[in-house]
file start-v4.txt (compact mmCIF, C-alpha atoms and all ligand atoms)
# COMPACT_ATOMS: atom_id res chain seq x y z
CA MET S 223 -181.06 35.84 -15.21
CA LYS S 224 -178.57 34.16 -17.46
CA PHE S 225 -179.09 34.94 -21.12
CA ASN S 226 -177.82 32.85 -23.97
CA LYS S 227 -174.06 33.29 -24.35
CA THR S 228 -174.42 33.98 -28.06
CA LEU S 229 -176.05 37.34 -27.22
CA GLU S 230 -172.89 38.77 -25.63
CA ASP S 231 -171.23 39.50 -28.93
CA ILE S 232 -174.22 40.99 -30.80
CA THR S 233 -174.46 44.69 -31.65
CA LEU S 234 -177.95 45.88 -32.59
CA TYR S 235 -178.74 46.77 -36.19
CA GLU S 236 -178.50 50.53 -36.65
CA ALA S 237 -181.68 51.55 -38.44
CA GLY S 238 -181.93 54.79 -40.41
CA LYS S 239 -183.16 57.63 -38.16
CA PRO S 240 -186.91 58.21 -38.53
CA ILE S 241 -188.35 61.56 -39.64
CA GLU S 242 -190.18 61.89 -36.28
CA LEU S 243 -186.85 61.98 -34.42
CA VAL S 244 -185.58 64.96 -36.40
CA VAL S 245 -188.88 66.76 -35.87
CA ARG S 246 -188.71 66.12 -32.11
CA GLU S 247 -185.02 66.91 -31.58
CA PHE S 248 -184.49 69.85 -33.91
CA GLY S 249 -188.01 71.28 -34.19
CA ILE S 250 -187.99 70.98 -37.98
CA ASP S 251 -191.32 70.87 -39.81
CA PRO S 252 -191.93 67.24 -40.93
CA LYS S 253 -192.47 68.41 -44.52
CA ASP S 254 -188.98 69.94 -44.53
CA VAL S 255 -187.27 66.74 -43.41
CA VAL S 256 -185.55 64.78 -46.14
CA LYS S 257 -184.83 61.12 -45.40
CA LEU S 258 -182.10 59.71 -47.59
CA ALA S 259 -180.97 57.06 -45.14
CA SER S 260 -182.86 53.81 -45.66
CA ASN S 261 -182.83 53.23 -49.42
CA GLU S 262 -186.57 53.69 -49.73
CA ASN S 263 -188.19 54.55 -53.07
CA PRO S 264 -188.37 58.38 -53.15
CA LEU S 265 -191.53 58.24 -55.30
CA GLY S 266 -193.28 56.68 -52.32
CA THR S 267 -195.98 54.03 -52.53
CA SER S 268 -197.47 53.57 -55.98
CA PRO S 269 -201.00 55.11 -55.85
CA ALA S 270 -202.55 51.93 -57.29
CA VAL S 271 -200.96 49.84 -54.55
CA ALA S 272 -202.02 52.33 -51.87
CA ASN S 273 -205.61 51.92 -53.12
CA VAL S 274 -205.43 48.15 -52.84
CA ILE S 275 -204.14 48.49 -49.27
CA SER S 276 -207.14 50.70 -48.34
CA GLU S 277 -209.57 48.31 -50.01
CA HIS S 278 -208.29 45.51 -47.78
CA ALA S 279 -208.47 47.55 -44.58
CA SER S 280 -212.01 46.39 -43.74
CA LYS S 281 -210.93 42.75 -43.88
CA ALA S 282 -208.34 43.15 -41.16
CA HIS S 283 -210.26 40.77 -38.84
CA LEU S 284 -209.43 37.80 -41.07
CA TYR S 285 -206.18 35.89 -40.79
CA PRO S 286 -204.14 36.15 -43.98
CA ASP S 287 -203.88 33.30 -46.50
CA ASP S 288 -201.06 31.31 -44.94
CA SER S 289 -200.34 29.46 -48.21
CA MET S 290 -199.70 32.87 -49.85
CA TYR S 291 -200.96 31.26 -53.01
CA ALA S 292 -201.48 34.39 -55.13
CA LEU S 293 -198.17 36.05 -54.24
CA LYS S 294 -196.16 32.86 -54.80
CA GLU S 295 -197.91 32.30 -58.13
CA GLY S 296 -197.23 35.90 -59.14
CA LEU S 297 -193.53 35.64 -58.27
CA ALA S 298 -193.26 32.23 -59.96
CA ARG S 299 -194.73 33.70 -63.15
CA LYS S 300 -192.49 36.76 -63.01
CA PHE S 301 -189.31 34.74 -62.63
CA GLY S 302 -190.24 31.64 -64.63
CA VAL S 303 -189.98 29.28 -61.66
CA SER S 304 -192.43 27.02 -59.83
CA SER S 305 -194.36 28.34 -56.82
CA SER S 306 -193.01 25.43 -54.73
CA GLU S 307 -189.59 27.05 -55.21
CA VAL S 308 -190.69 30.28 -53.49
CA ILE S 309 -190.78 31.23 -49.79
CA ILE S 310 -192.14 34.54 -48.47
CA GLY S 311 -190.72 36.38 -45.47
CA ALA S 312 -191.56 39.51 -43.48
CA GLY S 313 -188.89 41.28 -45.49
CA SER S 314 -186.08 39.24 -47.00
CA ASP S 315 -184.55 39.84 -43.59
CA GLN S 316 -186.81 37.18 -42.15
CA ILE S 317 -185.64 34.69 -44.77
CA LEU S 318 -182.03 35.42 -43.75
CA GLU S 319 -183.14 34.50 -40.26
CA PHE S 320 -184.80 31.23 -41.39
CA ILE S 321 -181.59 30.33 -43.24
CA ALA S 322 -179.31 30.97 -40.27
CA ARG S 323 -181.59 29.10 -37.88
CA SER S 324 -181.93 26.07 -40.10
CA LEU S 325 -178.22 25.68 -40.91
CA LEU S 326 -175.97 27.11 -38.22
CA SER S 327 -174.65 25.91 -34.91
CA PRO S 328 -171.75 27.20 -32.77
CA GLU S 329 -169.10 25.09 -34.54
CA ASP S 330 -169.95 26.64 -37.94
CA SER S 331 -168.59 29.72 -39.68
CA VAL S 332 -170.07 32.01 -42.33
CA LEU S 333 -168.30 34.07 -44.97
CA MET S 334 -169.13 37.59 -46.14
CA SER S 335 -167.47 40.71 -47.53
CA ARG S 336 -165.55 43.00 -45.14
CA VAL S 337 -168.30 45.60 -45.42
CA THR S 338 -171.78 44.32 -46.23
CA PHE S 339 -175.36 44.06 -44.95
CA ALA S 340 -175.24 43.91 -41.13
CA MET S 341 -178.01 41.31 -40.70
CA TYR S 342 -175.89 38.45 -42.10
CA GLU S 343 -173.60 38.82 -39.11
CA ILE S 344 -176.36 39.38 -36.56
CA TYR S 345 -178.40 36.27 -37.49
CA ALA S 346 -175.25 34.12 -37.70
CA LYS S 347 -174.10 35.33 -34.29
CA GLN S 348 -177.50 34.57 -32.78
CA MET S 349 -176.71 30.94 -33.66
CA GLY S 350 -173.21 31.23 -32.16
CA ALA S 351 -171.44 30.93 -35.54
CA THR S 352 -168.07 32.52 -36.34
CA ILE S 353 -167.90 35.39 -38.84
CA ILE S 354 -165.24 35.35 -41.55
CA ARG S 355 -164.76 38.35 -43.83
CA THR S 356 -162.92 38.87 -47.10
CA PRO S 357 -160.17 41.54 -46.96
CA SER S 358 -161.78 44.05 -49.36
CA TYR S 359 -164.87 46.12 -48.73
CA VAL S 360 -166.02 45.45 -52.30
CA HIS S 361 -166.95 41.92 -53.40
CA LYS S 362 -164.07 40.07 -55.10
CA ALA S 363 -164.62 36.53 -56.34
CA ASP S 364 -161.01 35.47 -55.78
CA GLU S 365 -161.07 36.63 -52.17
CA PHE S 366 -164.30 34.73 -51.55
CA ILE S 367 -162.89 31.55 -53.09
CA GLU S 368 -159.62 31.81 -51.17
CA ALA S 369 -161.40 32.36 -47.84
CA TYR S 370 -163.85 29.59 -48.66
CA ASN S 371 -161.05 27.07 -49.26
CA ARG S 372 -159.32 28.09 -46.08
CA TYR S 373 -162.25 28.15 -43.65
CA LYS S 374 -164.95 25.97 -45.30
CA PRO S 375 -167.84 28.11 -44.01
CA LYS S 376 -171.37 26.70 -43.90
CA ILE S 377 -172.91 29.79 -45.56
CA VAL S 378 -171.43 32.27 -48.07
CA TYR S 379 -173.28 35.60 -48.40
CA LEU S 380 -173.02 37.41 -51.73
CA CYS S 381 -174.73 40.80 -51.64
CA ILE S 382 -175.25 41.62 -55.32
CA PRO S 383 -175.14 44.59 -55.52
CA ASN S 384 -173.61 45.27 -52.13
CA ASN S 385 -175.14 47.39 -49.38
CA PRO S 386 -173.74 49.75 -47.96
CA ILE S 387 -170.99 50.10 -50.59
CA GLY S 388 -172.89 50.03 -53.89
CA ASP S 389 -170.41 47.82 -55.76
CA CYS S 390 -171.63 44.91 -57.84
CA MET S 391 -170.09 41.58 -58.63
CA THR S 392 -170.77 40.51 -62.21
CA LYS S 393 -172.91 37.46 -62.78
CA ALA S 394 -169.84 35.61 -64.11
CA GLU S 395 -167.95 36.30 -60.86
CA ALA S 396 -170.92 35.29 -58.71
CA LEU S 397 -171.29 31.98 -60.57
CA LYS S 398 -167.54 31.41 -60.24
CA VAL S 399 -167.90 31.62 -56.45
CA ILE S 400 -170.91 29.30 -56.40
CA ASP S 401 -169.10 26.81 -58.64
CA ALA S 402 -166.11 26.81 -56.28
CA VAL S 403 -167.97 25.80 -53.12
CA ASP S 404 -168.95 22.29 -52.01
CA LYS S 405 -172.60 21.32 -52.08
CA SER S 406 -172.56 21.23 -48.27
CA THR S 407 -172.23 25.04 -48.20
CA LEU S 408 -175.18 27.30 -48.95
CA VAL S 409 -174.58 30.39 -51.10
CA VAL S 410 -177.04 33.20 -50.43
CA VAL S 411 -177.38 35.64 -53.32
CA ASP S 412 -179.02 38.73 -51.83
CA GLY S 413 -180.54 40.70 -54.70
CA ALA S 414 -182.24 43.43 -52.63
CA TYR S 415 -181.07 46.03 -55.21
CA MET S 416 -180.97 43.78 -58.28
CA GLU S 417 -183.54 45.91 -60.15
CA TYR S 418 -181.11 48.85 -60.03
CA ALA S 419 -178.07 46.78 -61.02
CA ALA S 420 -179.92 45.23 -63.96
CA PHE S 421 -181.08 48.68 -65.05
CA LYS S 422 -177.50 49.95 -65.15
CA ASP S 423 -175.56 46.95 -66.40
CA LYS S 424 -177.00 43.65 -67.58
CA THR S 425 -173.72 41.82 -66.88
CA CYS S 426 -174.48 42.27 -63.16
CA GLU S 427 -177.94 40.78 -63.30
CA VAL S 428 -178.29 37.48 -61.51
CA THR S 429 -181.78 36.01 -61.80
CA PRO S 430 -183.56 33.48 -59.58
CA LYS S 431 -183.44 31.10 -62.56
CA ASP S 432 -179.63 31.32 -62.68
CA ILE S 433 -179.54 30.39 -59.00
CA LEU S 434 -182.00 27.50 -59.36
CA LYS S 435 -179.40 25.60 -61.37
CA TYR S 436 -177.54 25.02 -58.10
CA PRO S 437 -178.82 22.68 -55.38
CA ASN S 438 -176.97 24.73 -52.73
CA ALA S 439 -177.87 28.33 -53.54
CA ILE S 440 -180.80 30.63 -52.78
CA TYR S 441 -181.82 33.95 -54.32
CA LEU S 442 -183.37 36.64 -52.10
CA GLY S 443 -185.41 39.58 -53.30
CA THR S 444 -187.53 42.24 -51.62
CA PHE S 445 -190.45 44.59 -52.16
CA SER S 446 -188.81 47.15 -49.85
CA LYS S 447 -186.55 48.97 -52.28
CA ALA S 448 -187.52 49.46 -55.96
CA TYR S 449 -191.13 48.38 -55.27
CA GLY S 450 -191.54 51.06 -52.62
CA LEU S 451 -193.04 48.85 -49.89
CA GLY S 452 -190.49 48.96 -47.05
CA GLY S 453 -193.26 49.56 -44.51
CA MET S 454 -195.19 46.46 -45.58
CA ARG S 455 -192.33 44.02 -44.87
CA VAL S 456 -192.43 41.54 -47.75
CA GLY S 457 -189.47 39.68 -49.23
CA TYR S 458 -188.98 36.38 -51.03
CA GLY S 459 -186.51 33.54 -51.39
CA ILE S 460 -186.21 31.31 -54.46
CA ALA S 461 -184.39 27.97 -54.44
CA ASN S 462 -185.05 24.32 -55.22
CA GLU S 463 -188.05 22.74 -53.55
CA ALA S 464 -186.02 20.59 -51.12
CA LEU S 465 -184.11 23.60 -49.77
CA ILE S 466 -187.25 25.74 -49.52
CA GLY S 467 -189.00 22.87 -47.71
CA GLN S 468 -186.28 22.79 -45.05
CA ILE S 469 -186.05 26.50 -44.30
CA ALA S 470 -189.87 26.77 -44.38
CA LYS S 471 -189.86 24.76 -41.14
CA MET S 472 -188.61 27.93 -39.41
CA ARG S 473 -191.48 30.07 -40.71
CA PRO S 474 -194.10 31.08 -38.15
CA PRO S 475 -197.71 30.82 -39.37
CA PHE S 476 -199.25 33.98 -40.85
CA ASN S 477 -195.86 35.73 -41.03
CA ILE S 478 -197.12 38.12 -43.71
CA ALA S 479 -200.02 40.40 -42.77
CA SER S 480 -203.00 40.43 -45.12
CA LEU S 481 -202.51 44.09 -46.10
CA SER S 482 -198.88 43.35 -46.91
CA LEU S 483 -199.82 40.35 -49.04
CA ALA S 484 -202.38 42.42 -50.95
CA ALA S 485 -199.85 45.21 -51.47
CA ALA S 486 -197.12 42.90 -52.74
CA ILE S 487 -199.49 41.11 -55.14
CA ALA S 488 -200.64 44.45 -56.53
CA ALA S 489 -197.06 45.73 -56.77
CA LEU S 490 -196.17 42.88 -59.12
CA SER S 491 -198.18 44.55 -61.87
CA GLU S 492 -196.59 47.96 -61.33
CA ASP S 493 -194.16 47.79 -64.24
CA GLU S 494 -194.74 51.41 -65.14
CA PHE S 495 -194.09 52.64 -61.60
CA ILE S 496 -190.87 50.63 -61.45
CA ALA S 497 -189.73 51.93 -64.84
CA LYS S 498 -190.43 55.49 -63.71
CA SER S 499 -188.56 54.91 -60.44
CA LEU S 500 -185.52 53.51 -62.24
CA ALA S 501 -185.47 56.34 -64.78
CA LEU S 502 -185.59 58.99 -62.03
CA HIS S 503 -182.90 57.13 -60.15
CA GLY S 504 -180.57 56.91 -63.15
CA GLU S 505 -180.87 60.61 -63.84
CA GLN S 506 -180.38 61.68 -60.22
CA LEU S 507 -177.47 59.30 -59.58
CA LEU S 508 -175.51 61.19 -62.24
CA ARG S 509 -175.91 64.38 -60.23
CA TYR S 510 -174.29 62.70 -57.21
CA GLU S 511 -171.37 61.53 -59.34
CA GLU S 512 -170.93 65.01 -60.80
CA PHE S 513 -171.11 66.60 -57.35
CA ALA S 514 -168.40 64.23 -56.11
CA VAL S 515 -166.11 64.97 -59.03
CA LEU S 516 -166.58 68.74 -58.64
CA ASN S 517 -165.80 68.55 -54.93
CA ASN S 518 -162.93 66.07 -55.14
CA ILE S 519 -164.77 63.42 -53.20
CA SER S 520 -164.08 59.75 -53.92
CA PHE S 521 -167.10 57.60 -54.54
CA ILE S 522 -167.81 54.03 -55.44
CA PRO S 523 -169.70 53.70 -58.73
CA SER S 524 -173.14 52.61 -57.59
CA TYR S 525 -175.32 49.77 -58.85
CA THR S 526 -177.92 50.45 -56.15
CA ASN S 527 -180.35 53.22 -55.20
CA PHE S 528 -177.75 54.89 -52.98
CA ILE S 529 -174.22 56.20 -53.39
CA THR S 530 -171.30 55.96 -50.96
CA TYR S 531 -168.93 58.91 -50.62
CA LEU S 532 -165.50 58.18 -49.13
CA PHE S 533 -163.51 60.93 -47.40
CA ASP S 534 -159.87 61.62 -46.64
CA GLU S 535 -158.80 63.24 -43.33
CA SER S 536 -160.09 66.68 -44.39
CA LEU S 537 -163.70 65.61 -43.82
CA ASN S 538 -165.23 63.48 -41.10
CA SER S 539 -168.32 61.38 -41.81
CA THR S 540 -169.74 61.68 -38.29
CA GLU S 541 -169.48 65.47 -38.36
CA ILE S 542 -171.12 65.54 -41.78
CA ALA S 543 -174.00 63.30 -40.72
CA ASP S 544 -174.58 65.36 -37.55
CA ALA S 545 -174.47 68.70 -39.39
CA LEU S 546 -176.90 67.51 -42.06
CA LEU S 547 -179.24 66.02 -39.47
CA LYS S 548 -179.58 69.44 -37.82
CA LYS S 549 -180.72 70.78 -41.19
CA GLY S 550 -183.28 68.00 -41.51
CA VAL S 551 -181.35 65.87 -43.99
CA ILE S 552 -181.00 62.27 -42.78
CA ILE S 553 -178.21 60.25 -44.39
CA ARG S 554 -176.28 57.21 -43.23
CA ASN S 555 -172.91 57.56 -41.52
CA LEU S 556 -170.75 54.50 -42.20
CA ALA S 557 -168.36 55.06 -39.27
CA SER S 558 -169.79 51.98 -37.53
CA TYR S 559 -168.60 49.93 -40.52
CA GLY S 560 -165.06 51.23 -39.95
CA LEU S 561 -165.23 53.64 -42.89
CA ASN S 562 -164.92 57.44 -43.04
CA ALA S 563 -167.81 57.47 -45.48
CA ILE S 564 -171.47 58.32 -45.86
CA ARG S 565 -174.23 56.54 -47.73
CA ILE S 566 -176.91 58.66 -49.34
CA THR S 567 -180.12 57.23 -50.80
CA ILE S 568 -180.80 58.84 -54.18
CA GLY S 569 -183.93 60.93 -53.69
CA THR S 570 -186.17 63.08 -55.85
CA ALA S 571 -184.62 66.13 -57.57
CA GLU S 572 -185.86 68.41 -54.75
CA GLN S 573 -184.61 66.14 -51.98
CA ASN S 574 -181.22 65.88 -53.66
CA ASP S 575 -181.08 69.68 -54.12
CA LYS S 576 -181.44 69.97 -50.36
CA PHE S 577 -178.64 67.50 -49.71
CA PHE S 578 -176.30 69.26 -52.17
CA HIS S 579 -177.15 72.66 -50.68
CA TYR S 580 -176.43 71.76 -47.05
CA PHE S 581 -173.48 69.52 -47.84
CA SER S 582 -171.87 72.30 -49.94
CA GLU S 583 -172.45 74.67 -47.03
CA PHE S 584 -170.71 72.20 -44.72
CA ILE S 585 -167.74 71.78 -47.05
CA ALA S 586 -167.39 75.57 -47.40
CA SER S 587 -167.31 75.93 -43.59
CA LYS S 588 -164.23 73.66 -43.37
C1 LIG G 601 -182.93 46.27 -47.49
C2 LIG G 601 -182.11 45.03 -47.60
C3 LIG G 601 -182.63 43.75 -47.38
C4 LIG G 601 -183.97 43.39 -46.92
O1 LIG G 601 -184.87 44.26 -46.64
P1 LIG G 601 -186.31 43.81 -46.17
O2 LIG G 601 -186.97 45.11 -45.99
O3 LIG G 601 -186.16 43.01 -44.92
O4 LIG G 601 -186.87 42.99 -47.29
C5 LIG G 601 -181.82 42.66 -47.57
N1 LIG G 601 -180.57 42.80 -47.95
C6 LIG G 601 -180.04 43.99 -48.18
C7 LIG G 601 -178.64 44.07 -48.63
C8 LIG G 601 -180.78 45.15 -47.99
O5 LIG G 601 -180.20 46.34 -48.18
call {"tool": "encode", "arguments": {"input": "start-v4.txt", "output": "structure tokens"}}
result
Amino acid sequence: MKFNKTLEDITLYEAGKPIELVVREFGIDPKDVVKLASNENPLGTSPAVANVISEHASKAHLYPDDSMYALKEGLARKFGVSSSEVIIGAGSDQILEFIARSLLSPEDSVLMSRVTFAMYEIYAKQMGATIIRTPSYVHKADEFIEAYNRYKPKIVYLCIPNNPIGDCMTKAEALKVIDAVDKSTLVVVDGAYMEYAAFKDKTCEVTPKDILKYPNAIYLGTFSKAYGLGGMRVGYGIANEALIGQIAKMRPPFNIASLSLAAAIAALSEDEFIAKSLALHGEQLLRYEEFAVLNNISFIPSYTNFITYLFDESLNSTEIADALLKKGVIIRNLASYGLNAIRITIGTAEQNDKFFHYFSEFIASK
């Protein structure tokens, strides 16, 4: 069988290792496994949202509302936009897919940071497009503009703040990039961690309304991170009606399950849960910065719910990740991104204690 040529160059997305794998391979009790690898909310699912999910369980025989009226209205109200400017995806991942499929063909190129979210590349490659990267692993407006002028890519991906690095472009820099590109190029502003960036530093906050001023830009958000609903797969895109209308042609019917819709709608009123999550995060992030300083580890100041530690030759990220895994602590090794670095999701105090304990033990053994 001859598969599409575009597949030859695609490497699969490396998902965070599941708890079950550590239980199976190392015989660790599931309750002792700490997963700090996928940027999930360590407070779990908000109890009120979990209740709503159970209440909808008996209606699983019905197809979901394909218009997604209530969720679109809720998001429109939250962001001060119109519901015709909103599209819902099975995770914002699926919207990235709609975007690539509706814009790219093999003669096109796309532009992104040297180290950034892997799915931009994967969806673009599925369409046969060429990947262009800026030289730095953090987002720099000047580098984006220079590469844009040189290669004229069809899509520019701005990950604000950036996964898996944690850096954040300011809103002024982001708008400078959008202002510099022609209207025939789409700028994707991926705000998967925007709640955390806005909590730390308002100058980093880019809102859907800011993006709506541009005919050629789209804002993406997700319920998977701060909202604690990674397992429900709900994300959203916000852009002008004409743009939304085009990418919506790629959307399969009923792409959001009814339980997921109910959960996301309920999550929109969880202001208290979000505030509590952000407060815990802010307090625990400081511990990771202090730990790094005490142990002479370089880190990138984080605007997200994770932190990235960078190592010199004295420590090896693959060895660290393997050693921690054997102790039941799952973190993300960034070796596949070409960095001797690890990414750790900020957990609860107890989860972080465990990380610090085993990582200190590892450092002492060197
Ligand atoms: C997690 C993440 C997403 C999307 O996650 P979904 O679960 O598909 O909504 C998008 N972009 C970045 C940078 C992410 O880290």
call {"tool": "closest_residue", "arguments": {"input": "start-v4.txt", "among": "S:Ile529, S:Ala369, S:Val403, S:Leu546", "to": "S:Pro386", "atoms": "only C-alpha atoms"}}
result
S:Ile529
call {"tool": "closest_atom_pairs", "arguments": {"input": "start-v4.txt", "of": "chain S", "to": "ligand LIG 601 (chain G)", "cutoff": "8 Å", "atoms": "all atoms listed in the file", "output": "CSV"}}
result
residue,atom,partner,partner_atom,distance
S:Ser260,CA,G:LIG601,C1,7.8
S:Asn261,CA,G:LIG601,C1,7.2
S:Gly311,CA,G:LIG601,O4,7.9
S:Ala312,CA,G:LIG601,O3,6.6
S:Gly313,CA,G:LIG601,O4,3.2
S:Ser314,CA,G:LIG601,O4,3.8
S:Asp315,CA,G:LIG601,O3,3.8
S:Gln316,CA,G:LIG601,O3,6.5
S:Thr338,CA,G:LIG601,C7,7.3
S:Phe339,CA,G:LIG601,C7,4.9
S:Met341,CA,G:LIG601,N1,7.8
S:Cys381,CA,G:LIG601,C7,5.9
S:Ile382,CA,G:LIG601,C7,7.9
S:Pro383,CA,G:LIG601,C7,7.7
S:Asn384,CA,G:LIG601,C7,6.2
S:Asn385,CA,G:LIG601,C7,4.9
S:Pro386,CA,G:LIG601,O5,7.3
S:Asp412,CA,G:LIG601,N1,5.8
S:Gly413,CA,G:LIG601,N1,7.1
S:Ala414,CA,G:LIG601,C6,5.0
S:Tyr415,CA,G:LIG601,O5,7.1
S:Leu442,CA,G:LIG601,C5,7.7
S:Gly443,CA,G:LIG601,O4,7.1
S:Thr444,CA,G:LIG601,O4,4.4
S:Phe445,CA,G:LIG601,O4,6.3
S:Ser446,CA,G:LIG601,O2,4.7
S:Lys447,CA,G:LIG601,C1,6.6
S:Gly452,CA,G:LIG601,O2,5.3
S:Gly453,CA,G:LIG601,O2,7.8
S:Arg455,CA,G:LIG601,O2,5.6
S:Val456,CA,G:LIG601,O4,5.8
S:Gly457,CA,G:LIG601,O4,4.6
S:Tyr458,CA,G:LIG601,O4,7.9
call {"tool": "atom_distance", "arguments": {"input": "start-v4.txt", "atom1": "atom CA of S:Lys294", "atom2": "atom CA of S:Lys435"}}
result
19.4 Å
call {"tool": "residues_near_point", "arguments": {"input": "start-v4.txt", "point": "(-181.3, 32.4, -27.2)", "cutoff": "10 Å", "atoms": "only C-alpha atoms", "output": "compact mmCIF listing (two decimals) with C-alpha atoms, in the coordinates of the input"}}
result
# COMPACT_ATOMS: atom_id res chain seq x y z
CA PHE S 225 -179.09 34.94 -21.12
CA ASN S 226 -177.82 32.85 -23.97
CA LYS S 227 -174.06 33.29 -24.35
CA THR S 228 -174.42 33.98 -28.06
CA LEU S 229 -176.05 37.34 -27.22
CA GLN S 348 -177.50 34.57 -32.78
CA MET S 349 -176.71 30.94 -33.66
CA GLY S 350 -173.21 31.23 -32.16
call {"tool": "residues_around", "arguments": {"input": "start-v4.txt", "residues": "S:Glu463", "least_positions_apart": "4", "cutoff": "7 Å", "atoms": "only C-alpha atoms", "output": "JSON, numbers by chain"}}
result
{"S": [306, 307, 467]}
call {"tool": "closest_residue", "arguments": {"input": "start-v4.txt", "among": "S:Phe495, S:Asp389, S:Asp534, S:Phe581", "to": "S:Ile522", "atoms": "all atoms listed in the file"}}
result
S:Asp389
call {"tool": "residues_around", "arguments": {"input": "start-v4.txt", "residues": "S:His503", "least_positions_apart": "5", "cutoff": "9 Å", "atoms": "only C-alpha atoms", "output": "JSON, numbers by chain"}}
result
{"S": [264, 418, 498, 508, 527, 568, 569, 570]}
call {"tool": "residues_around", "arguments": {"input": "start-v4.txt", "residues": "S:Glu492", "least_positions_apart": "4", "cutoff": "9 Å", "atoms": "all atoms listed in the file", "output": "list in words"}}
result
Ser268, Ala270, Val271, Tyr449, Ala488, Ile496 and Ala497 of chain S
call {"tool": "residues_near_point", "arguments": {"input": "start-v4.txt", "point": "(-171.7, 28.7, -56.6)", "cutoff": "8 Å", "atoms": "only C-alpha atoms", "output": "PyMOL selection string"}}
result
chain S and resi 396-403+409+436+438-439
call {"tool": "write_last_selection", "arguments": {"input": "start-v4.txt", "atoms": "C-alpha atoms", "output": "PDB file, in the coordinates of the input"}}
result
ATOM      1  CA  ALA S 396    -170.920  35.290 -58.710  1.00  0.00           C
ATOM      2  CA  LEU S 397    -171.290  31.980 -60.570  1.00  0.00           C
ATOM      3  CA  LYS S 398    -167.540  31.410 -60.240  1.00  0.00           C
ATOM      4  CA  VAL S 399    -167.900  31.620 -56.450  1.00  0.00           C
ATOM      5  CA  ILE S 400    -170.910  29.300 -56.400  1.00  0.00           C
ATOM      6  CA  ASP S 401    -169.100  26.810 -58.640  1.00  0.00           C
ATOM      7  CA  ALA S 402    -166.110  26.810 -56.280  1.00  0.00           C
ATOM      8  CA  VAL S 403    -167.970  25.800 -53.120  1.00  0.00           C
ATOM      9  CA  VAL S 409    -174.580  30.390 -51.100  1.00  0.00           C
ATOM     10  CA  TYR S 436    -177.540  25.020 -58.100  1.00  0.00           C
ATOM     11  CA  ASN S 438    -176.970  24.730 -52.730  1.00  0.00           C
ATOM     12  CA  ALA S 439    -177.870  28.330 -53.540  1.00  0.00           C
TER      13      ALA S 439
END
call {"tool": "closest_residue", "arguments": {"input": "start-v4.txt", "among": "S:Ser558, S:Phe577, S:Val551, S:Leu318", "to": "S:Asp254", "atoms": "only C-alpha atoms"}}
result
S:Val551
call {"tool": "closest_residue", "arguments": {"input": "start-v4.txt", "among": "S:Leu234, S:Met416, S:Thr425, S:Val411", "to": "S:Ile344", "atoms": "only C-alpha atoms"}}
result
S:Leu234
call {"tool": "residues_around", "arguments": {"input": "start-v4.txt", "residues": "stretch 319-327 of chain S", "least_positions_apart": "6", "cutoff": "8 Å", "atoms": "only C-alpha atoms", "output": "PDB file with C-alpha atoms, in the frame of the given file"}}
result
ATOM      1  CA  TYR S 345    -178.400  36.270 -37.490  1.00  0.00           C
ATOM      2  CA  ALA S 346    -175.250  34.120 -37.700  1.00  0.00           C
ATOM      3  CA  MET S 349    -176.710  30.940 -33.660  1.00  0.00           C
ATOM      4  CA  GLY S 350    -173.210  31.230 -32.160  1.00  0.00           C
ATOM      5  CA  ALA S 351    -171.440  30.930 -35.540  1.00  0.00           C
ATOM      6  CA  LYS S 376    -171.370  26.700 -43.900  1.00  0.00           C
ATOM      7  CA  GLN S 468    -186.280  22.790 -45.050  1.00  0.00           C
ATOM      8  CA  ILE S 469    -186.050  26.500 -44.300  1.00  0.00           C
ATOM      9  CA  ALA S 470    -189.870  26.770 -44.380  1.00  0.00           C
ATOM     10  CA  MET S 472    -188.610  27.930 -39.410  1.00  0.00           C
ATOM     11  CA  ARG S 473    -191.480  30.070 -40.710  1.00  0.00           C
TER      12      ARG S 473
END
call {"tool": "closest_residue", "arguments": {"input": "start-v4.txt", "among": "S:Leu490, S:Val337, S:Leu502, S:Ala394", "to": "S:Lys424", "atoms": "all atoms listed in the file"}}
result
S:Ala394
call {"tool": "closest_residue", "arguments": {"input": "start-v4.txt", "among": "S:Ile460, S:Leu556, S:Met454, S:Ile354", "to": "S:Gly302", "atoms": "only C-alpha atoms"}}
result
S:Ile460
call {"tool": "residues_around", "arguments": {"input": "start-v4.txt", "residues": "S:Ser305", "least_positions_apart": "6", "cutoff": "8 Å", "atoms": "all atoms listed in the file", "output": "PyMOL selection string"}}
result
chain S and resi 294-295+297-298
call {"tool": "atom_distance", "arguments": {"input": "start-v4.txt", "atom1": "atom CA of S:Ala237", "atom2": "atom CA of S:Val255"}}
result
16.9 Å
call {"tool": "atom_distance", "arguments": {"input": "start-v4.txt", "atom1": "atom CA of S:Thr540", "atom2": "atom CA of S:Glu583"}}
result
15.9 Å
